[in-house]
$ cat target31.txt   # compact mmCIF, C-alpha atoms
# COMPACT_ATOMS: atom_id res chain seq x y z
CA MET A 1 26.18 -1.25 -10.49
CA ILE A 2 22.71 -0.68 -9.04
CA LYS A 3 22.05 -1.01 -5.30
CA VAL A 4 18.54 -1.86 -4.08
CA LEU A 5 16.99 -1.63 -0.61
CA VAL A 6 14.35 -4.33 0.00
CA VAL A 7 11.97 -3.48 2.86
CA ASP A 8 9.61 -6.26 4.02
CA ASP A 9 8.83 -7.72 7.44
CA SER A 10 8.62 -11.22 5.93
CA ASN A 11 11.95 -12.99 5.70
CA THR A 12 10.42 -15.25 3.04
CA MET A 13 9.37 -12.33 0.84
CA ARG A 14 12.78 -10.66 1.21
CA ARG A 15 14.42 -13.92 0.05
CA ILE A 16 12.12 -14.21 -2.96
CA ILE A 17 12.56 -10.57 -3.96
CA LYS A 18 16.35 -10.80 -3.48
CA LYS A 19 16.54 -13.88 -5.68
CA THR A 20 14.41 -12.21 -8.33
CA LEU A 21 16.59 -9.09 -8.23
CA ASN A 22 19.71 -11.25 -8.58
CA GLN A 23 18.19 -12.88 -11.65
CA ALA A 24 17.49 -9.39 -13.03
CA GLY A 25 21.19 -8.60 -12.68
CA VAL A 26 21.10 -6.71 -9.36
CA GLU A 27 23.92 -7.86 -7.11
CA GLU A 28 24.00 -5.24 -4.35
CA ILE A 29 20.97 -5.67 -2.11
CA VAL A 30 20.39 -4.24 1.36
CA GLU A 31 17.54 -5.61 3.52
CA ALA A 32 15.33 -3.89 6.10
CA GLU A 33 12.58 -5.42 8.24
CA ASP A 34 10.29 -2.38 8.42
CA GLY A 35 10.11 1.35 7.74
CA ILE A 36 12.18 2.37 10.75
CA ASP A 37 14.90 -0.13 9.88
CA ALA A 38 14.75 1.18 6.28
CA LEU A 39 15.61 4.72 7.38
CA VAL A 40 18.58 3.37 9.36
CA LYS A 41 19.80 1.32 6.38
CA LEU A 42 19.44 4.36 4.10
CA SER A 43 21.58 6.47 6.42
CA GLU A 44 24.23 3.71 6.35
CA ASN A 45 23.93 3.27 2.56
CA PRO A 46 23.49 6.70 0.96
CA ASP A 47 24.18 5.17 -2.48
CA ILE A 48 20.89 3.22 -2.65
CA ASP A 49 19.45 3.54 -6.20
CA LEU A 50 16.03 1.93 -5.74
CA ILE A 51 13.72 0.96 -2.88
CA MET A 52 11.25 -1.97 -2.90
CA LEU A 53 8.81 -1.20 -0.10
CA ASP A 54 6.14 -3.49 1.35
CA VAL A 55 2.86 -1.79 2.30
CA ASN A 56 1.80 -3.86 5.32
CA MET A 57 4.48 -3.82 7.97
CA PRO A 58 4.55 -3.42 11.74
CA ARG A 59 5.95 -0.27 13.43
CA ALA A 60 6.19 1.97 10.34
CA ASP A 61 4.05 0.82 7.39
CA GLY A 62 4.89 1.35 3.73
CA LEU A 63 2.80 4.48 3.17
CA THR A 64 4.13 6.23 6.30
CA THR A 65 7.68 5.32 5.29
CA LEU A 66 7.16 6.50 1.72
CA LYS A 67 5.90 9.90 2.92
CA GLU A 68 8.90 10.15 5.25
CA LEU A 69 11.29 9.32 2.39
CA LYS A 70 9.70 11.87 0.06
CA SER A 71 9.90 14.59 2.72
CA MET A 72 13.70 14.36 3.01
CA PRO A 73 15.78 15.89 0.18
CA GLU A 74 18.47 13.17 0.38
CA THR A 75 15.95 10.32 -0.14
CA ALA A 76 13.15 12.05 -2.09
CA VAL A 77 14.81 11.35 -5.44
CA ILE A 78 15.21 7.57 -4.91
CA PRO A 79 12.56 5.70 -6.95
CA VAL A 80 10.28 3.50 -4.83
CA ILE A 81 8.35 0.40 -5.96
CA MET A 82 5.54 -0.58 -3.56
CA CYS A 83 4.76 -4.27 -2.91
CA THR A 84 1.27 -5.12 -1.80
CA SER A 85 -1.62 -7.58 -1.87
CA GLU A 86 -4.66 -7.08 -4.09
CA SER A 87 -6.82 -5.88 -1.22
CA ASP A 88 -4.58 -2.87 -0.64
CA LYS A 89 -5.40 -1.26 -4.00
CA SER A 90 -6.76 1.93 -2.45
CA VAL A 91 -3.53 2.22 -0.46
CA VAL A 92 -1.54 1.74 -3.68
CA ILE A 93 -3.33 4.68 -5.28
CA GLU A 94 -2.42 6.76 -2.21
CA CYS A 95 1.20 5.54 -2.53
CA ILE A 96 1.39 6.58 -6.21
CA ARG A 97 -0.04 10.00 -5.28
CA SER A 98 2.60 10.20 -2.54
CA GLY A 99 5.45 9.65 -4.99
CA ALA A 100 5.90 5.90 -5.52
CA LYS A 101 7.18 5.14 -9.02
CA ASP A 102 5.40 1.79 -9.49
CA TYR A 103 3.80 -1.10 -7.59
CA ILE A 104 3.82 -4.89 -7.55
CA VAL A 105 0.79 -6.90 -6.43
CA LYS A 106 1.24 -10.14 -4.48
CA PRO A 107 0.97 -12.84 -5.68
CA PHE A 108 3.35 -11.61 -8.32
CA ASN A 109 4.99 -13.18 -11.30
CA LYS A 110 8.76 -13.12 -10.78
CA GLU A 111 9.34 -12.20 -14.44
CA ILE A 112 7.18 -9.10 -14.00
CA ILE A 113 9.34 -7.88 -11.11
CA ALA A 114 12.48 -8.46 -13.17
CA GLU A 115 10.97 -6.49 -16.06
CA LYS A 116 9.90 -3.57 -13.85
CA ILE A 117 13.38 -3.39 -12.28
CA GLN A 118 15.12 -3.53 -15.64
CA ASN A 119 12.85 -0.78 -17.00
CA LEU A 120 13.68 1.44 -14.03
CA ILE A 121 17.40 0.67 -14.34
CA LYS A 122 17.32 1.69 -18.03
CA LYS A 123 15.67 5.00 -17.11
CA MET B 1 -23.14 -12.66 -0.18
CA THR B 2 -23.38 -16.43 0.26
CA LYS B 3 -20.96 -18.89 1.74
CA GLU B 4 -20.43 -20.24 -1.78
CA HIS B 5 -19.12 -16.83 -2.89
CA HIS B 6 -16.63 -16.85 -0.03
CA VAL B 7 -15.48 -20.35 -0.98
CA GLU B 8 -15.10 -19.39 -4.65
CA ALA B 9 -13.09 -16.31 -3.65
CA PHE B 10 -10.61 -18.25 -1.54
CA VAL B 11 -10.35 -21.09 -4.09
CA GLN B 12 -9.52 -18.51 -6.78
CA ALA B 13 -6.98 -16.83 -4.48
CA THR B 14 -5.35 -20.20 -3.72
CA ILE B 15 -5.04 -21.14 -7.38
CA GLU B 16 -3.64 -17.72 -8.37
CA CYS B 17 -1.13 -17.72 -5.51
CA PHE B 18 0.21 -21.14 -6.47
CA GLU B 19 0.26 -20.40 -10.20
CA SER B 20 2.10 -17.10 -9.80
CA MET B 21 4.45 -17.74 -6.92
CA VAL B 22 4.94 -21.49 -6.63
CA ASP B 23 4.92 -22.32 -10.35
CA ILE B 24 2.33 -25.05 -9.75
CA VAL B 25 -1.16 -25.18 -11.22
CA PRO B 26 -3.33 -26.71 -8.49
CA GLU B 27 -6.23 -28.89 -9.60
CA LYS B 28 -9.36 -28.59 -7.48
CA LYS B 29 -10.54 -32.00 -6.33
CA GLU B 30 -12.91 -33.06 -3.58
CA ILE B 31 -15.04 -30.51 -1.71
CA ARG B 32 -16.39 -31.48 1.73
CA THR B 33 -18.63 -29.69 4.17
CA GLN B 34 -17.70 -31.85 7.13
CA ILE B 35 -14.25 -32.61 8.44
CA PRO B 36 -13.07 -35.45 10.64
CA PRO B 37 -12.15 -34.28 14.18
CA ILE B 38 -8.63 -35.66 13.87
CA GLN B 39 -6.50 -33.96 11.23
CA ASN B 40 -3.67 -35.91 9.64
CA SER B 41 -1.76 -33.08 7.94
CA ASP B 42 1.65 -32.36 9.50
CA VAL B 43 1.73 -28.66 8.59
CA CYS B 44 -1.22 -26.28 8.82
CA ALA B 45 -1.12 -22.52 8.23
CA ILE B 46 -4.02 -20.55 9.69
CA ILE B 47 -5.25 -17.00 9.35
CA GLY B 48 -8.27 -15.50 11.10
CA LEU B 49 -11.01 -13.53 9.34
CA SER B 50 -13.01 -10.82 11.06
CA GLY B 51 -15.35 -7.98 10.13
CA GLU B 52 -18.65 -8.50 8.30
CA SER B 53 -17.76 -12.21 8.03
CA ALA B 54 -15.78 -14.05 10.69
CA GLY B 55 -13.90 -17.32 10.66
CA MET B 56 -10.61 -18.62 9.42
CA VAL B 57 -8.88 -19.96 6.35
CA THR B 58 -6.22 -22.66 6.45
CA ILE B 59 -3.98 -24.58 4.12
CA SER B 60 -2.58 -27.92 5.21
CA PHE B 61 -0.37 -30.64 3.82
CA ASN B 62 2.10 -33.25 4.94
CA THR B 63 5.69 -32.17 5.56
CA GLU B 64 7.08 -33.59 2.32
CA VAL B 65 4.48 -31.74 0.26
CA ALA B 66 5.06 -28.55 2.28
CA LYS B 67 8.82 -28.80 1.63
CA ALA B 68 8.32 -29.28 -2.10
CA VAL B 69 5.90 -26.33 -2.25
CA VAL B 70 8.24 -24.04 -0.29
CA GLY B 71 11.20 -25.21 -2.38
CA ASN B 72 9.37 -24.00 -5.49
CA PHE B 73 8.17 -20.82 -3.73
CA LEU B 74 11.69 -19.83 -2.65
CA GLY B 75 13.43 -21.29 -5.70
CA GLU B 76 15.59 -23.44 -3.44
CA ASP B 77 16.33 -27.14 -2.94
CA PRO B 78 13.67 -28.53 -0.56
CA ALA B 79 16.34 -30.61 1.17
CA SER B 80 18.19 -27.44 2.17
CA LEU B 81 15.20 -25.90 3.96
CA GLY B 82 15.26 -25.61 7.74
CA ASP B 83 12.12 -25.76 9.87
CA GLU B 84 12.07 -21.98 10.35
CA ASP B 85 12.29 -21.40 6.58
CA LEU B 86 9.49 -23.88 6.01
CA TYR B 87 7.04 -22.48 8.56
CA ASP B 88 7.77 -18.83 7.73
CA ALA B 89 7.16 -19.50 4.02
CA VAL B 90 3.95 -21.48 4.62
CA GLY B 91 2.74 -18.59 6.79
CA GLU B 92 3.50 -16.17 3.96
CA LEU B 93 1.53 -18.35 1.51
CA ILE B 94 -1.61 -18.26 3.67
CA ASN B 95 -1.08 -14.51 4.14
CA ILE B 96 -1.08 -13.98 0.35
CA ILE B 97 -4.08 -16.29 -0.15
CA ALA B 98 -6.12 -14.62 2.59
CA GLY B 99 -5.14 -11.11 1.45
CA ASN B 100 -6.36 -11.84 -2.06
CA GLY B 101 -9.33 -13.93 -1.01
CA LYS B 102 -10.71 -11.07 1.06
CA ALA B 103 -10.40 -8.78 -1.97
CA TYR B 104 -12.42 -11.24 -4.06
CA VAL B 105 -15.18 -11.37 -1.44
CA LYS B 106 -16.70 -8.23 -2.87
CA ASP B 107 -18.91 -5.88 -0.83
CA VAL B 108 -17.97 -7.56 2.45
CA ALA B 109 -15.50 -5.73 4.69
CA LEU B 110 -13.02 -8.31 5.94
CA SER B 111 -9.87 -8.08 8.00
CA ILE B 112 -7.25 -10.77 8.34
CA SER B 113 -5.15 -11.66 11.37
CA LEU B 114 -1.46 -12.45 11.48
CA PRO B 115 -0.77 -15.96 10.15
CA SER B 116 0.04 -18.87 12.47
CA VAL B 117 1.53 -22.22 11.53
CA MET B 118 0.90 -25.48 13.41
CA HIS B 119 3.02 -28.53 12.86
CA GLY B 120 3.20 -32.04 14.28
CA ASP B 121 1.48 -35.40 13.98
CA LYS B 122 -2.30 -35.53 14.16
CA TYR B 123 -4.30 -32.93 16.01
CA TYR B 124 -7.91 -32.47 17.02
CA MET B 125 -9.83 -29.58 15.52
CA SER B 126 -12.73 -28.29 17.58
CA LEU B 127 -14.92 -25.60 16.02
CA PRO B 128 -17.91 -23.60 17.29
CA LYS B 129 -21.26 -25.32 16.72
CA SER B 130 -22.39 -22.48 14.46
CA ALA B 131 -19.31 -22.82 12.23
CA SER B 132 -19.81 -23.88 8.64
CA VAL B 133 -16.80 -25.61 7.15
CA THR B 134 -15.83 -26.09 3.52
CA SER B 135 -12.75 -28.13 2.84
CA VAL B 136 -11.30 -28.18 -0.68
CA ASP B 137 -8.61 -30.64 -1.73
CA PHE B 138 -6.13 -29.60 -4.39
CA ASP B 139 -3.86 -31.90 -6.30
CA LEU B 140 -0.47 -30.25 -6.74
CA PRO B 141 0.77 -32.14 -9.83
CA GLY B 142 3.94 -34.09 -9.20
CA ILE B 143 3.95 -33.07 -5.54
CA GLY B 144 0.89 -34.31 -3.68
CA LEU B 145 -2.24 -33.16 -1.96
CA MET B 146 -3.05 -29.86 -0.22
CA THR B 147 -6.27 -28.92 1.56
CA MET B 148 -7.67 -25.40 1.81
CA MET B 149 -10.32 -25.05 4.47
CA LEU B 150 -12.64 -22.10 4.96
CA THR B 151 -14.56 -21.86 8.22
CA LEU B 152 -17.24 -19.20 8.67
CA VAL B 153 -19.08 -18.53 11.90
CA ASP B 154 -22.65 -17.21 11.82
$ encode --input "target31.txt" --output "structure tokens"
Amino acid sequence: MIKVLVVDDSNTMRRIIKKTLNQAGVEEIVEAEDGIDALVKLSENPDIDLIMLDVNMPRADGLTTLKELKSMPETAVIPVIMCTSESDKSVVIECIRSGAKDYIVKPFNKEIIAEKIQNLIKK
Amino acid sequence: MTKEHHVEAFVQATIECFESMVDIVPEKKEIRTQIPPIQNSDVCAIIGLSGESAGMVTISFNTEVAKAVVGNFLGEDPASLGDEDLYDAVGELINIIAGNGKAYVKDVALSISLPSVMHGDKYYMSLPKSASVTSVDFDLPGIGLMTMMLTLVD
């Protein structure tokens, strides 16, 4: 059973991503509102298998959080999928260089998310 | 970069957002360059633009249309949506549209503000004299009418 942490400051986006993950067969989902909250949730849930991380967030943004995650041995191995809007493409490149496994551009097709998740689960 | 390029960029962003995330293919209808001072839409999501171009982009619709759109967006029964769900989701829609629209306005550095959502019966819209307004109606098949408005200030 895979457990996913969804990090997004938008309640709406968390709902949509959660629903899409459910449809992809993921039942255990933990939510965080920003990067700082994500680190707290990770300490409470050390069995997280995958992180979906929004780029634009208040307090700690996606790139800062990603770098923090990759600097800690206990979280560095968890695959991270970045979620962003088209205009953040340069940031996405920086995220991939910083260790993100993949990225999803908003507006996204829900089937594409499901496919990306299932591919990562298979790996 | 002309005003027409900006309008095309935000029209494209609106259509793509609705096609991908709301499962609706909006049909572009009437385009106006003047708006009446009194707006009749019940729900209006606004985001500010700043940088090399300044202004704002809005989407507006009546409450029933907004509920149907958000129902599709969230994959939930529109009747089950609370006001907070509705306004948060409409704000996220304008956020996605503006984020992509600014990417399509090539060679112009743009920043977007946080989204705001207004709701209620009829309101007056007062804009700076130098503002140029383009209002684009979209038919959302089976749902109703939505208006995307781009305002640019010289």
$ atom_distance --input "target31.txt" --atom1 "atom CA of A:Asn109" --atom2 "atom CA of B:Ile143"
20.7 Å
$ residues_around --input "target31.txt" --residues "A:Asp47" --least-positions-apart "2" --cutoff "9 Å" --atoms "only C-alpha atoms" --output "list in words"
Ile2, Lys3, Leu42, Glu44, Asn45 and Asp49 of chain A
$ residues_around --input "target31.txt" --residues "A:Asp61" --least-positions-apart "5" --cutoff "9 Å" --atoms "all atoms listed in the file" --output "PyMOL selection string"
chain A and resi 34-36+54-56+66
$ closest_residue --input "target31.txt" --among "A:Val4, A:Asp37, A:Lys123, A:Thr20" --to "chain B" --atoms "all atoms listed in the file"
A:Thr20
$ interface_residues --input "target31.txt" --of "chain A" --to "chain B" --cutoff "9 Å" --atoms "all atoms listed in the file" --output "MDAnalysis selection string"
chainID A and resid 10:13 15:16 19 85:88 106:110
$ closest_residue --input "target31.txt" --among "B:Ala68, B:Ile59, B:Met125, B:Ala54" --to "B:Asp154" --atoms "only C-alpha atoms"
B:Ala54
$ atom_distance --input "target31.txt" --atom1 "atom CA of B:Lys29" --atom2 "atom CA of B:Val65"
16.4 Å
$ atom_distance --input "target31.txt" --atom1 "atom CA of A:Ala114" --atom2 "atom CA of A:Ala24"
5.1 Å
$ residues_around --input "target31.txt" --residues "A:Ala32" --least-positions-apart "2" --cutoff "7 Å" --atoms "all atoms listed in the file" --output "list in words"
Val6, Val7, Asp8, Val30, Asp34, Asp37, Ala38 and Lys41 of chain A
$ write_last_selection --input "target31.txt" --atoms "C-alpha atoms" --output "CSV table (one decimal), in the coordinates of the input"
chain,number,residue,atom,x,y,z
A,6,VAL,CA,14.4,-4.3,0.0
A,7,VAL,CA,12.0,-3.5,2.9
A,8,ASP,CA,9.6,-6.3,4.0
A,30,VAL,CA,20.4,-4.2,1.4
A,34,ASP,CA,10.3,-2.4,8.4
A,37,ASP,CA,14.9,-0.1,9.9
A,38,ALA,CA,14.8,1.2,6.3
A,41,LYS,CA,19.8,1.3,6.4
$ closest_residue --input "target31.txt" --among "B:Ile31, B:Val25, B:Val108, B:Thr151" --to "B:Ser126" --atoms "all atoms listed in the file"
B:Thr151
$ closest_residue --input "target31.txt" --among "A:Leu53, A:Leu69, A:Cys95, A:Leu39" --to "A:Arg14" --atoms "all atoms listed in the file"
A:Leu53
$ decode --input "target31.txt" --residues "stretch 11-49 of chain A" --atoms "C-alpha atoms" --output "compact mmCIF listing (two decimals), in the first residue's frame"
# COMPACT_ATOMS: atom_id res chain seq x y z
CA ASN A 11 -7.42 23.40 -0.55
CA THR A 12 -9.04 23.02 -3.98
CA MET A 13 -5.87 21.63 -5.58
CA ARG A 14 -5.31 19.23 -2.67
CA ARG A 15 -8.88 17.92 -3.15
CA ILE A 16 -8.39 17.45 -6.89
CA ILE A 17 -5.02 15.74 -6.49
CA LYS A 18 -6.38 13.52 -3.69
CA LYS A 19 -9.31 12.44 -5.83
CA THR A 20 -7.01 11.73 -8.75
CA LEU A 21 -4.69 9.69 -6.53
CA ASN A 22 -7.67 7.73 -5.20
CA GLN A 23 -8.68 6.94 -8.77
CA ALA A 24 -5.11 5.78 -9.42
CA GLY A 25 -5.47 3.32 -6.53
CA VAL A 26 -3.73 5.35 -3.80
CA GLU A 27 -5.73 5.20 -0.59
CA GLU A 28 -3.33 6.57 2.03
CA ILE A 29 -2.90 10.31 1.52
CA VAL A 30 -1.46 12.86 3.94
CA GLU A 31 -1.98 16.59 3.28
CA ALA A 32 0.25 19.58 4.05
CA GLU A 33 -0.45 23.27 3.40
CA ASP A 34 3.13 24.37 2.71
CA GLY A 35 6.76 23.30 2.94
CA ILE A 36 7.04 23.79 6.70
CA ASP A 37 3.87 21.79 7.31
CA ALA A 38 5.26 19.12 4.94
CA LEU A 39 8.35 18.61 7.11
CA VAL A 40 6.12 18.22 10.18
CA LYS A 41 3.89 15.69 8.39
CA LEU A 42 6.96 13.75 7.22
CA SER A 43 8.27 13.50 10.78
CA GLU A 44 4.85 12.16 11.85
CA ASN A 45 4.63 9.80 8.85
CA PRO A 46 8.07 8.32 8.19
CA ASP A 47 6.50 5.74 5.85
CA ILE A 48 5.62 8.25 3.10
CA ASP A 49 6.46 6.70 -0.31
